[in-house]
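Chemist: Encoded as structure tokens, here's the structure I'll be asking about.
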Amino acid sequence: MAVTGPPPRPDRSAWSDRVGLRLRITVLTTALLALIGALLLGLAYVLVGRVIAALPQFPPGTEVILEGRVVDAELASQIIVEEGRRTVLLVGFIAFPLQVIAGAVLAWILIGRALTPLTILTTAARDLSTSSLDQRIRLTGPRDEVAELSDTFDDMLDRLQGAFEAERRFVANASHELRTPLAVIRTEIDVTLSDPHADPAELRRMAEVVREATDGADRLLSALLVLARTQARGVSEIRPVDMALLVPGALHGIEIERAERGVHVTVDGGPCLVAGDPALLQRLVGNLVENAVRHNVPGGWLRVTTEPAPAVLVPAAAGATPAPIGGAEAGVDLGEPGVAYAALEVASSGPVVDAATVEEIFEPFRQGRRARTSHGGSGLGLSIVRAVVSAHDGLLWARPVDGGGLSIRVLLPAVDPATVATGPGAPGPLLMG
């Protein structure tokens, strides 16, 4: 059985599309003009009789000379009315077609000029492809509705171009990152197989290297899956979550590496409830803490703060740079009026961070100009953080710390503890240790 796809769309050129719309509008305009002309002609026909009837009348029985004949005045008045109406109809039947034809031609020309920008838009949209996303219409002329449509189209192209470029970078970086563990696995296997005298100890060492590389690839694929799902589907579950209760679990997950580096941890603040997906928020806190430990310096410090934040302000400290979410200058009030926020701030020591490259840290597989002090991460931690914050309609900023390090502040819409349902069967806040 042959499998057929959907029927092909008719191949219509921009010219035929334009003529179709142009013809329909012209016909509608001409019909409206003809209707108005017919109404005016009928009105003139009626007004002729009314005007003559309103003239002063001769006394009954008076005779007048009309066209060389002596007739009664009343009869003469009727003859004049009929003659006037006949003249109106004669002139109207000549002028009416001329008016309709002239109106149709003028409407065709003016409508054609008015639809010219739509032809440009249609041509640009039809010629659009992934290799021509840098083209813009930039329509000139009056700033009317068509110009606004053109500007909107250009803005859409800007977003599409940015999305395609980000996707290309993401695929290239992901391919590069996945190629590294595969190359390690292949090299270890080839070297071990080429040694005919390899003993069990050598085979065990090879197996450990292969397992470590496989775990790294698995972590990378898991992070890619979380990032893709978060960006595509957003938040799948909304529950009250206490951000402060997520911090101990995140610190416990990185405890061994924290102890090896001698990083001193300080946790400040109290409970602060937010509404969101518990799994995504746990990943958010875990990634921030993990990033702060892995990119720290030996004997450094880490401070985690959770607190309510009713006033949303970008940190106004020197060098403060807003991260990609938020898009405001330092010190500018953001957020919706009357909306309370819960704040999570993770600050740590580390290498000196250039304020101009802070936003690059949130790109996949990018670390700006920061030197990696550990290669155990996938390079997607902060990208996932940005995606989770965006999915929860939150705000995110990052700024360098004086002397080296980074401070990242996340603000999510808060939940009033008094409004959280309690009692048997109520979900209540999510408690995670």
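Please note that chains go A, B, ... in the order of the structure tokens, that every chain numbers its residues from 1, and that ligands are numbered from 1 in the order shown.
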Do you know which residues are at most 7 Å from A:Leu412 counting only C-alpha atoms, after dropping those on the same chain fewer than 4 positions away, and could you put them as number ranges by chain?
Modeler: A: 274, 341-343, 392, 394-395
Chemist: Export, as a PDB file, in the first residue's frame, the selected residues with N, CA and C atoms.
Modeler:
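Once everything was written out, this is result.pdb:
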```pdb
ATOM      1  N   VAL A 274       8.045  29.343  47.901  1.00  0.00           N
ATOM      2  CA  VAL A 274       7.781  29.716  46.518  1.00  0.00           C
ATOM      3  C   VAL A 274       6.862  28.661  45.919  1.00  0.00           C
ATOM      4  N   TYR A 341       8.507  38.395  46.453  1.00  0.00           N
ATOM      5  CA  TYR A 341       9.451  37.446  45.896  1.00  0.00           C
ATOM      6  C   TYR A 341      10.236  36.777  47.017  1.00  0.00           C
ATOM      7  N   ALA A 342      10.680  35.561  46.750  1.00  0.00           N
ATOM      8  CA  ALA A 342      11.608  34.866  47.632  1.00  0.00           C
ATOM      9  C   ALA A 342      12.963  34.835  46.953  1.00  0.00           C
ATOM     10  N   ALA A 343      14.003  35.116  47.715  1.00  0.00           N
ATOM     11  CA  ALA A 343      15.342  35.279  47.150  1.00  0.00           C
ATOM     12  C   ALA A 343      16.252  34.156  47.617  1.00  0.00           C
ATOM     13  N   HIS A 392       9.721  29.541  35.819  1.00  0.00           N
ATOM     14  CA  HIS A 392       8.949  29.947  36.995  1.00  0.00           C
ATOM     15  C   HIS A 392       8.650  31.450  37.007  1.00  0.00           C
ATOM     16  N   GLY A 394      10.665  33.911  37.098  1.00  0.00           N
ATOM     17  CA  GLY A 394      11.513  34.542  38.104  1.00  0.00           C
ATOM     18  C   GLY A 394      12.496  35.513  37.496  1.00  0.00           C
ATOM     19  N   LEU A 395      13.391  35.997  38.318  1.00  0.00           N
ATOM     20  CA  LEU A 395      14.418  36.952  37.919  1.00  0.00           C
ATOM     21  C   LEU A 395      15.769  36.417  38.363  1.00  0.00           C
TER      22      LEU A 395
END
```
Chemist: By how many Å are atom CA of A:Ser383 and atom CA of A:Asn287 apart?
Modeler: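 Atom CA of A:Asn287 lies 9.5 Å from atom CA of A:Ser383.
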Chemist: Which polymer residues have any atom within 12 Å of an atom of A:Glu208, counting only C-alpha atoms, with same-chain residues fewer than 5 positions away left out, as a PyMOL selection string?
Modeler: chain A and resi 184-185+188-189+201-203+213-215
Chemist: Using only C-alpha atoms, which residues sit within 9 Å of A:Val235 once same-chain residues fewer than 3 positions away are excluded, as JSON, numbers by chain?
Modeler: {"A": [230, 238, 276, 277, 280, 388, 391, 392]}
Chemist: Output C-alpha atoms for every residue in the selection just made, as a short mmCIF file (atom, residue, chain, number, x, y, z; two decimals), in the first residue's frame.
Modeler:
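Okay, again-v1.cif is ready:
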```cif
data_model
loop_
_atom_site.label_atom_id
_atom_site.label_comp_id
_atom_site.auth_asym_id
_atom_site.auth_seq_id
_atom_site.Cartn_x
_atom_site.Cartn_y
_atom_site.Cartn_z
CA THR A 230 12.61 22.65 30.91
CA ILE A 238 3.15 23.64 41.01
CA GLY A 276 7.01 25.81 41.64
CA ASP A 277 8.11 22.39 40.49
CA LEU A 280 13.27 21.65 39.06
CA VAL A 388 14.33 26.89 35.53
CA ALA A 391 10.01 28.64 33.55
CA HIS A 392 8.95 29.95 36.99
#
```
Chemist: Neighbouring residues of A:Leu178 were defined as those with any atom within 10 Å, considering only C-alpha atoms; residues of the same chain fewer than 4 positions away were excluded. Please report them as a short mmCIF file (atom, residue, chain, number, x, y, z; two decimals) with C-alpha atoms, in the first residue's frame.
Modeler:
```
data_model
loop_
_atom_site.label_atom_id
_atom_site.label_comp_id
_atom_site.auth_asym_id
_atom_site.auth_seq_id
_atom_site.Cartn_x
_atom_site.Cartn_y
_atom_site.Cartn_z
CA ASN A 173 29.26 22.27 21.78
CA ALA A 174 27.25 19.20 22.74
CA LEU A 182 33.95 8.54 23.42
CA ALA A 183 37.53 9.27 22.39
CA ALA A 213 34.09 8.26 30.88
CA GLY A 216 30.59 11.57 32.39
CA ALA A 217 28.70 11.04 29.14
CA ASP A 218 25.64 9.91 31.09
CA LEU A 220 26.04 15.19 30.16
CA LEU A 221 23.09 13.52 28.44
CA SER A 378 28.90 19.03 32.20
#
```
Chemist: Using only C-alpha atoms, which residues sit within 12 Å of A:Ile94 once same-chain residues fewer than 6 positions away are excluded, as a short mmCIF file (atom, residue, chain, number, x, y, z; two decimals) with C-alpha atoms, in the first residue's frame?
Modeler:
```
data_model
loop_
_atom_site.label_atom_id
_atom_site.label_comp_id
_atom_site.auth_asym_id
_atom_site.auth_seq_id
_atom_site.Cartn_x
_atom_site.Cartn_y
_atom_site.Cartn_z
CA GLY A 37 -24.29 56.85 -6.94
CA LEU A 41 -29.55 59.56 -8.54
CA THR A 87 -33.40 65.12 -17.74
CA VAL A 88 -32.08 63.83 -14.39
CA VAL A 100 -18.37 53.74 -11.57
CA ILE A 101 -15.60 53.16 -14.13
#
```
